[in-house]
file final.csv (CSV, C-alpha atoms (C1' of nucleotides))
chain,number,residue,atom,x,y,z
A,1,MET,CA,62.6,66.5,56.5
A,2,LYS,CA,61.1,69.8,57.2
A,3,ARG,CA,63.8,72.3,58.1
A,4,LEU,CA,63.5,74.5,61.2
A,5,GLU,CA,63.9,78.3,60.9
A,6,THR,CA,67.4,78.9,62.0
A,7,ASP,CA,67.4,82.7,62.4
A,8,GLU,CA,71.2,82.9,63.0
A,9,CYS,CA,71.2,80.2,65.7
A,10,GLY,CA,74.0,77.7,64.9
A,11,PHE,CA,72.5,75.0,67.1
A,12,ALA,CA,69.2,75.0,65.2
A,13,SER,CA,71.1,74.7,61.9
A,14,ALA,CA,73.1,71.8,63.2
A,15,LEU,CA,69.8,70.1,64.2
A,16,ASN,CA,68.6,70.4,60.7
A,17,ALA,CA,71.6,68.4,59.6
A,18,ILE,CA,71.6,65.7,62.2
A,19,SER,CA,67.9,65.2,63.0
A,20,GLY,CA,66.8,62.0,61.5
A,21,LYS,CA,66.6,58.9,63.6
A,22,TRP,CA,69.5,57.1,61.8
A,23,LYS,CA,71.7,59.9,60.6
A,24,MET,CA,74.3,59.9,63.4
A,25,GLY,CA,74.4,56.1,63.2
A,26,ILE,CA,75.0,56.3,59.4
A,27,LEU,CA,77.6,58.9,59.8
A,28,TRP,CA,79.4,56.8,62.4
A,29,GLU,CA,79.4,53.7,60.2
A,30,VAL,CA,80.6,55.4,57.1
A,31,THR,CA,83.3,57.1,59.2
A,32,LEU,CA,84.7,53.7,60.2
A,33,GLN,CA,84.8,52.7,56.6
A,34,PRO,CA,82.9,53.1,53.3
A,35,ARG,CA,79.7,51.1,53.4
A,36,ARG,CA,77.2,49.7,50.9
A,37,PHE,CA,73.5,50.1,51.2
A,38,GLY,CA,72.8,46.6,52.3
A,39,GLU,CA,75.6,46.7,54.7
A,40,LEU,CA,74.2,49.7,56.4
A,41,ARG,CA,70.8,48.0,56.7
A,42,ARG,CA,72.5,45.2,58.6
A,43,LEU,CA,74.6,47.5,60.7
A,44,LEU,CA,71.7,49.6,61.8
A,45,PRO,CA,69.2,47.0,63.1
A,46,GLY,CA,65.6,48.4,62.9
A,47,VAL,CA,66.1,50.8,60.1
A,48,SER,CA,63.7,50.4,57.2
A,49,GLU,CA,64.9,50.6,53.6
A,50,LYS,CA,62.7,53.5,52.9
A,51,VAL,CA,64.1,55.7,55.6
A,52,LEU,CA,67.6,54.5,55.1
A,53,ALA,CA,67.5,55.6,51.4
A,54,GLN,CA,65.8,58.8,52.4
A,55,GLN,CA,68.3,59.8,55.0
A,56,LEU,CA,71.3,58.8,52.8
A,57,ARG,CA,69.9,61.2,50.1
A,58,GLU,CA,69.5,64.1,52.6
A,59,MET,CA,73.0,63.5,54.0
A,60,GLU,CA,74.4,63.5,50.5
A,61,ALA,CA,72.6,66.7,49.7
A,62,ASP,CA,74.0,68.2,52.9
A,63,ASP,CA,77.5,67.1,51.8
A,64,LEU,CA,78.0,64.9,54.9
A,65,ILE,CA,78.5,61.8,52.8
A,66,ARG,CA,79.4,60.8,49.3
A,67,ARG,CA,77.6,58.3,47.1
A,68,GLU,CA,79.6,56.4,44.5
A,69,VAL,CA,78.2,54.0,42.0
A,70,PHE,CA,80.7,51.3,40.9
A,71,PRO,CA,80.3,49.9,37.4
A,72,GLY,CA,79.9,46.2,37.0
A,73,ALA,CA,77.3,43.5,36.4
A,74,VAL,CA,75.9,43.6,40.0
A,75,GLN,CA,74.9,46.9,41.4
A,76,LYS,CA,77.4,48.3,43.7
A,77,VAL,CA,76.9,51.6,45.5
A,78,GLU,CA,79.2,52.8,48.3
A,79,TYR,CA,78.7,55.6,50.8
A,80,SER,CA,81.7,57.3,52.4
A,81,VAL,CA,82.1,60.2,54.8
A,82,THR,CA,83.2,63.6,53.5
A,83,ASP,CA,85.6,65.9,55.2
A,84,PHE,CA,82.7,68.0,56.2
A,85,GLY,CA,81.0,65.0,57.7
A,86,ARG,CA,84.1,64.2,59.6
A,87,SER,CA,84.0,67.7,61.1
A,88,LEU,CA,80.5,67.1,62.3
A,89,ASN,CA,81.6,64.0,64.1
A,90,GLU,CA,84.2,66.0,65.9
A,91,ALA,CA,81.7,68.7,66.8
A,92,VAL,CA,79.4,66.1,68.3
A,93,ASP,CA,82.1,64.8,70.4
A,94,ALA,CA,81.8,67.2,73.3
A,95,LEU,CA,78.1,66.6,73.4
A,96,SER,CA,78.6,62.9,73.5
A,97,ARG,CA,80.9,63.2,76.5
A,98,TRP,CA,78.3,65.3,78.2
A,99,GLY,CA,75.7,62.6,77.4
A,100,LYS,CA,77.8,60.0,79.1
A,101,GLU,CA,77.8,62.2,82.2
A,102,PHE,CA,74.1,62.6,81.9
A,103,GLU,CA,73.6,58.9,81.6
A,104,LYS,CA,75.5,58.3,84.9
A,105,ARG,CA,73.3,60.7,86.7
A,106,GLN,CA,70.2,59.0,85.4
A,107,GLU,CA,71.5,55.7,86.6
A,108,ARG,CA,72.2,57.1,90.0
A,109,LYS,CA,68.7,58.4,90.2
A,110,ALA,CA,67.3,55.0,89.1
A,111,MET,CA,69.3,53.4,91.9
A,112,VAL,CA,67.8,55.5,94.6
A,113,ALA,CA,64.3,55.1,93.2
B,114,MET,CA,59.0,62.5,76.1
B,115,LYS,CA,59.8,59.0,75.2
B,116,ARG,CA,63.4,58.1,75.9
B,117,LEU,CA,65.6,56.5,73.3
B,118,GLU,CA,67.5,53.4,74.2
B,119,THR,CA,71.0,54.7,74.8
B,120,ASP,CA,73.0,51.5,74.9
B,121,GLU,CA,76.2,53.2,75.9
B,122,CYS,CA,76.1,55.9,73.2
B,123,GLY,CA,76.7,59.3,74.8
B,124,PHE,CA,75.1,61.1,71.9
B,125,ALA,CA,71.8,59.3,72.2
B,126,SER,CA,71.7,60.1,75.9
B,127,ALA,CA,72.4,63.7,75.2
B,128,LEU,CA,69.5,63.8,72.8
B,129,ASN,CA,67.2,62.5,75.5
B,130,ALA,CA,68.0,65.6,77.5
B,131,ILE,CA,67.8,68.2,74.8
B,132,SER,CA,65.2,66.9,72.4
B,133,GLY,CA,62.1,68.9,72.9
B,134,LYS,CA,61.3,71.8,70.6
B,135,TRP,CA,61.9,74.5,73.1
B,136,LYS,CA,64.4,73.1,75.6
B,137,MET,CA,67.5,74.6,74.2
B,138,GLY,CA,65.7,78.0,73.9
B,139,ILE,CA,64.6,77.7,77.5
B,140,LEU,CA,68.1,76.7,78.6
B,141,TRP,CA,69.5,79.7,76.9
B,142,GLU,CA,67.1,82.1,78.4
B,143,VAL,CA,67.5,80.9,81.9
B,144,THR,CA,71.3,81.0,81.4
B,145,LEU,CA,71.1,84.7,80.6
B,146,GLN,CA,69.2,85.3,83.8
B,147,PRO,CA,66.5,83.6,86.0
B,148,ARG,CA,63.1,83.8,84.3
B,149,ARG,CA,59.5,83.5,85.3
B,150,PHE,CA,57.0,81.4,83.5
B,151,GLY,CA,55.2,84.2,81.7
B,152,GLU,CA,58.5,85.8,80.8
B,153,LEU,CA,59.6,82.6,79.0
B,154,ARG,CA,56.3,82.5,77.2
B,155,ARG,CA,57.0,86.0,75.8
B,156,LEU,CA,60.7,85.2,75.1
B,157,LEU,CA,59.9,82.1,73.1
B,158,PRO,CA,57.3,83.2,70.6
B,159,GLY,CA,55.2,80.3,69.5
B,160,VAL,CA,55.5,78.1,72.5
B,161,SER,CA,52.2,76.9,74.0
B,162,GLU,CA,51.7,77.0,77.8
B,163,LYS,CA,51.1,73.3,77.8
B,164,VAL,CA,54.4,72.4,76.2
B,165,LEU,CA,56.3,75.1,78.1
B,166,ALA,CA,55.2,73.7,81.5
B,167,GLN,CA,55.9,70.2,80.3
B,168,GLN,CA,59.4,70.8,79.1
B,169,LEU,CA,60.2,72.9,82.2
B,170,ARG,CA,59.2,69.9,84.3
B,171,GLU,CA,61.3,67.5,82.3
B,172,MET,CA,64.3,69.8,82.5
B,173,GLU,CA,63.9,70.2,86.2
B,174,ALA,CA,63.8,66.4,86.6
B,175,ASP,CA,66.9,66.2,84.5
B,176,ASP,CA,68.6,68.7,86.8
B,177,LEU,CA,69.2,71.2,84.0
B,178,ILE,CA,67.2,73.9,85.6
B,179,ARG,CA,65.9,74.8,89.1
B,180,ARG,CA,62.3,75.8,90.0
B,181,GLU,CA,61.8,78.2,92.9
B,182,VAL,CA,58.5,79.4,94.2
B,183,PHE,CA,58.6,82.7,95.9
B,184,PRO,CA,56.1,83.4,98.7
B,185,GLY,CA,53.8,86.4,98.5
B,186,ALA,CA,50.3,87.3,97.6
B,187,VAL,CA,50.8,87.0,93.8
B,188,GLN,CA,52.2,83.8,92.5
B,189,LYS,CA,55.9,84.0,91.6
B,190,VAL,CA,57.9,81.1,90.2
B,191,GLU,CA,61.4,81.5,88.9
B,192,TYR,CA,63.4,79.2,86.8
B,193,SER,CA,67.2,79.3,86.8
B,194,VAL,CA,70.0,77.3,85.2
B,195,THR,CA,71.9,74.7,87.3
B,196,ASP,CA,75.7,74.0,87.0
B,197,PHE,CA,74.8,70.9,85.1
B,198,GLY,CA,72.7,72.9,82.8
B,199,ARG,CA,75.5,75.3,82.2
B,200,SER,CA,77.8,72.4,81.3
B,201,LEU,CA,75.3,71.3,78.7
B,202,ASN,CA,75.4,74.8,77.2
B,203,GLU,CA,79.2,74.5,76.9
B,204,ALA,CA,79.0,71.0,75.4
B,205,VAL,CA,76.6,72.3,72.8
B,206,ASP,CA,78.9,75.1,71.8
B,207,ALA,CA,81.1,73.1,69.4
B,208,LEU,CA,78.0,71.9,67.6
B,209,SER,CA,76.6,75.4,67.3
B,210,ARG,CA,79.8,76.6,65.7
B,211,TRP,CA,79.6,73.7,63.3
B,212,GLY,CA,76.0,74.6,62.6
B,213,LYS,CA,77.0,78.1,61.6
B,214,GLU,CA,79.5,76.6,59.1
B,215,PHE,CA,76.7,74.4,57.8
B,216,GLU,CA,74.4,77.4,57.5
B,217,LYS,CA,76.9,79.2,55.3
B,218,ARG,CA,77.1,76.2,53.0
B,219,GLN,CA,73.4,76.1,52.7
B,220,GLU,CA,73.3,79.7,51.8
B,221,ARG,CA,76.0,79.3,49.2
B,222,LYS,CA,73.9,76.5,47.6
B,223,ALA,CA,70.8,78.6,47.7
B,224,MET,CA,72.7,81.3,45.8
B,225,VAL,CA,73.7,79.1,43.0
B,226,ALA,CA,70.2,77.6,42.6
C,227,DG,C1',63.4,27.8,37.0
C,228,DT,C1',63.4,29.7,41.1
C,229,DA,C1',65.2,31.7,44.9
C,230,DA,C1',68.1,35.2,46.7
C,231,DG,C1',70.9,39.4,46.5
C,232,DC,C1',71.5,44.1,44.8
C,233,DG,C1',69.6,49.1,45.6
C,234,DC,C1',66.1,51.1,45.6
C,235,DT,C1',60.6,53.3,45.1
C,236,DC,C1',55.7,53.6,46.4
C,237,DA,C1',51.2,53.5,48.9
C,238,DC,C1',49.5,53.1,53.1
C,239,DC,C1',49.4,53.3,58.3
C,240,DC,C1',50.7,54.6,63.1
C,241,DC,C1',51.8,57.3,66.9
C,242,DA,C1',53.8,60.7,69.9
C,243,DA,C1',55.2,65.5,70.0
C,244,DG,C1',53.2,69.6,70.0
C,245,DG,C1',49.4,73.1,69.1
C,246,DT,C1',44.4,75.0,70.5
C,247,DA,C1',41.3,76.6,73.5
C,248,DA,C1',39.0,76.5,77.6
C,249,DG,C1',39.1,76.2,82.6
C,250,DT,C1',41.1,76.8,87.6
C,251,DG,C1',42.0,79.4,91.8
C,252,DG,C1',44.0,83.0,93.3
C,253,DT,C1',45.1,88.5,93.3
C,254,DT,C1',45.3,93.1,91.6
C,255,DT,C1',44.1,97.0,88.8
C,256,DT,C1',40.3,100.2,86.8
D,257,DA,C1',31.9,94.2,88.9
D,258,DA,C1',34.7,93.2,85.3
D,259,DA,C1',38.9,92.4,83.2
D,260,DA,C1',43.6,91.1,83.4
D,261,DC,C1',47.8,89.0,85.3
D,262,DC,C1',49.8,84.8,87.6
D,263,DA,C1',51.1,79.9,86.8
D,264,DC,C1',49.4,76.4,85.4
D,265,DT,C1',46.1,71.8,83.8
D,266,DT,C1',43.0,69.2,80.8
D,267,DA,C1',40.6,67.3,76.7
D,268,DC,C1',40.9,67.3,72.0
D,269,DC,C1',43.1,67.6,67.4
D,270,DT,C1',46.8,67.9,63.8
D,271,DT,C1',51.1,66.9,61.8
D,272,DG,C1',54.9,64.5,59.9
D,273,DG,C1',58.6,61.3,60.8
D,274,DG,C1',59.2,56.7,60.4
D,275,DG,C1',57.6,51.7,60.0
D,276,DT,C1',55.3,47.9,56.8
D,277,DG,C1',55.0,45.4,52.9
D,278,DA,C1',54.9,45.0,48.2
D,279,DG,C1',57.1,45.7,43.8
D,280,DC,C1',60.9,46.7,40.2
D,281,DG,C1',64.7,45.7,37.1
D,282,DC,C1',68.8,43.4,37.1
D,283,DT,C1',72.2,39.3,38.1
D,284,DT,C1',74.1,35.4,40.1
D,285,DA,C1',73.9,31.0,42.7
D,286,DC,C1',71.6,26.5,43.4
call {"tool": "encode", "arguments": {"input": "final.csv", "output": "C-alpha cells"}}
result
Amino acid sequence: MKRLETDECGFASALNAISGKWKMGILWEVTLQPRRFGELRRLLPGVSEKVLAQQLREMEADDLIRREVFPGAVQKVEYSVTDFGRSLNEAVDALSRWGKEFEKRQERKAMVA
Amino acid sequence: MKRLETDECGFASALNAISGKWKMGILWEVTLQPRRFGELRRLLPGVSEKVLAQQLREMEADDLIRREVFPGAVQKVEYSVTDFGRSLNEAVDALSRWGKEFEKRQERKAMVA
DNA sequence: GTAAGCGCTCACCCCAAGGTAAGTGGTTTT
DNA sequence: AAAACCACTTACCTTGGGGTGAGCGCTTAC
C-alpha cells in the first residue's frame, strides 16, 4: 500500500494503518482469539489469499498483529493481536458508534424516498 | 462513491461517510469557519475542481455540511459544518490521537533503519 | 496414488476514484 | 476588448488496490 503524506495530521497517519479492505476485519478476528491463515480466509468471506497474505504482512510490519510459526509436521501459523493493535480497536470505537448513528439517518432517508 | 455493505458494522458505515480523499480536510476547514468553493480549492492544495465539487455534494447529501447560496451580482456559495458534521469530527478525535502514536512508532523504525 | 489441507507466491486483469484540461454563463477589473 | 474571478460541469485518461486462477513444497487422510 502506498502511504499518504501525513504532515503532522494524526488522522492521515491512522488511515495509513487501517486502510486496506480487510484490515479492520482481520484486526477484529484476531482480537477475539488468535487465528490461523485458513481460518481467517473462512471468517472473512470474499477475501482472496493474495490480499489476505499481503495485509497480514503489512499489519505485522505496523505492529498491529503478531505472526507465530509453530513447529510440527503440518504447517501452523497463528496471528494474534498486539497491545498496540488492541489500542487501535479502542480508538476506532468512537467512530464506530458514530457510524451507527449515521446508518440510522441513512435508513430514515431511505424510508422517506 | 460506491458504498460498502455495512451489515450492522458501525465502522464500515462511518467509512462510507468519510472515505473520499479530501472529505476530512473539507470537514476540518469548514469547521474552522464557513468557506467558499474557491477558498477550499486554495486551502486544499492538490484537489481538483471536479473532485471538490463531487465530495462537497456527497457531504451535503450526508448532512455533514450545509451549502448556502448568497444572492448578489457575483456568485457566492458558502459551505459550513452541520451539528452532525461536528459530531463526526469529535468521533474522529480518538483515532487521530492514535494516529499520532502510530506516527511516532513509524519514525522510530525509520531511525533504526 | 490421489485428493485435500496447510500457508503461501506470482502473473495477469479489472474497475472506480481521482486527476487533467477545456468549456459554460455570468460579472468585474484594467 | 481582454483578462480574470466566480462556481461549477463534462469528456477523457491514469493509477493502484484488489480479485482470479494457477502453482509450490510439504503432509495427512481415504
call {"tool": "residues_around", "arguments": {"input": "final.csv", "residues": "Ser209 in chain B", "least_positions_apart": "5", "cutoff": "8 Å", "atoms": "only C-alpha atoms (C1' of nucleotides)", "output": "VMD selection string"}}
result
chain A and resid 9 to 14
call {"tool": "residues_near_point", "arguments": {"input": "final.csv", "point": "(65.1, 75.7, 60.3)", "cutoff": "12 Å", "atoms": "all atoms listed in the file", "output": "VMD selection string"}}
result
(chain A and resid 1 to 17 19) or (chain B and resid 134 212 215 to 216 219)
call {"tool": "closest_atom_pairs", "arguments": {"input": "final.csv", "of": "chain C", "to": "chain A", "cutoff": "12 Å", "atoms": "all atoms listed in the file", "output": "CSV"}}
result
residue,atom,partner,partner_atom,distance
C:DG231,C1',A:Val74,CA,9.2
C:DC232,C1',A:Gln75,CA,5.6
C:DG233,C1',A:Phe37,CA,6.9
C:DC234,C1',A:Ala53,CA,7.5
C:DT235,C1',A:Lys50,CA,8.1
C:DC236,C1',A:Lys50,CA,9.6
call {"tool": "atom_distance", "arguments": {"input": "final.csv", "atom1": "CA of Arg148 in chain B", "atom2": "C1' of DA243 in chain C"}}
result
24.5 Å
call {"tool": "residues_around", "arguments": {"input": "final.csv", "residues": "range 270-281 of chain D", "least_positions_apart": "6", "cutoff": "8 Å", "atoms": "all atoms listed in the file", "output": "list of chain:residue names"}}
result
A:Met1, A:Ser48, A:Val51, C:DG245
call {"tool": "atom_distance", "arguments": {"input": "final.csv", "atom1": "CA of Asp63 in chain A", "atom2": "CA of Thr82 in chain A"}}
result
6.9 Å
call {"tool": "decode", "arguments": {"input": "final.csv", "residues": "chain C", "atoms": "C-alpha atoms (C1' of nucleotides)", "output": "PDB file, in the first residue's frame"}}
result
ATOM      1  C1'  DG C 227      -1.980 -42.833  -5.751  1.00  0.00           C
ATOM      2  C1'  DT C 228      -4.658 -39.135  -5.494  1.00  0.00           C
ATOM      3  C1'  DA C 229      -7.142 -35.823  -3.385  1.00  0.00           C
ATOM      4  C1'  DA C 230      -7.280 -32.365   0.095  1.00  0.00           C
ATOM      5  C1'  DG C 231      -5.343 -29.313   3.617  1.00  0.00           C
ATOM      6  C1'  DC C 232      -1.576 -26.189   5.019  1.00  0.00           C
ATOM      7  C1'  DG C 233       0.364 -21.317   4.010  1.00  0.00           C
ATOM      8  C1'  DC C 234       1.615 -19.101   0.911  1.00  0.00           C
ATOM      9  C1'  DT C 235       3.614 -16.571  -4.122  1.00  0.00           C
ATOM     10  C1'  DC C 236       3.137 -14.983  -8.894  1.00  0.00           C
ATOM     11  C1'  DA C 237       1.325 -13.179 -13.378  1.00  0.00           C
ATOM     12  C1'  DC C 238      -2.446 -11.164 -15.122  1.00  0.00           C
ATOM     13  C1'  DC C 239      -6.777  -8.448 -15.296  1.00  0.00           C
ATOM     14  C1'  DC C 240     -10.488  -5.116 -13.802  1.00  0.00           C
ATOM     15  C1'  DC C 241     -12.550  -1.081 -12.210  1.00  0.00           C
ATOM     16  C1'  DA C 242     -13.612   3.053  -9.743  1.00  0.00           C
ATOM     17  C1'  DA C 243     -11.526   7.015  -7.507  1.00  0.00           C
ATOM     18  C1'  DG C 244      -9.308  10.785  -8.703  1.00  0.00           C
ATOM     19  C1'  DG C 245      -6.525  13.939 -11.899  1.00  0.00           C
ATOM     20  C1'  DT C 246      -6.352  16.977 -16.455  1.00  0.00           C
ATOM     21  C1'  DA C 247      -7.937  20.247 -19.299  1.00  0.00           C
ATOM     22  C1'  DA C 248     -11.303  22.510 -21.569  1.00  0.00           C
ATOM     23  C1'  DG C 249     -15.785  24.725 -21.565  1.00  0.00           C
ATOM     24  C1'  DT C 250     -20.031  27.449 -19.546  1.00  0.00           C
ATOM     25  C1'  DG C 251     -22.503  31.676 -18.235  1.00  0.00           C
ATOM     26  C1'  DG C 252     -22.222  35.180 -15.591  1.00  0.00           C
ATOM     27  C1'  DT C 253     -19.631  39.725 -13.535  1.00  0.00           C
ATOM     28  C1'  DT C 254     -15.907  42.779 -12.548  1.00  0.00           C
ATOM     29  C1'  DT C 255     -11.466  44.851 -13.072  1.00  0.00           C
ATOM     30  C1'  DT C 256      -7.871  47.169 -16.210  1.00  0.00           C
TER      31       DT C 256
END
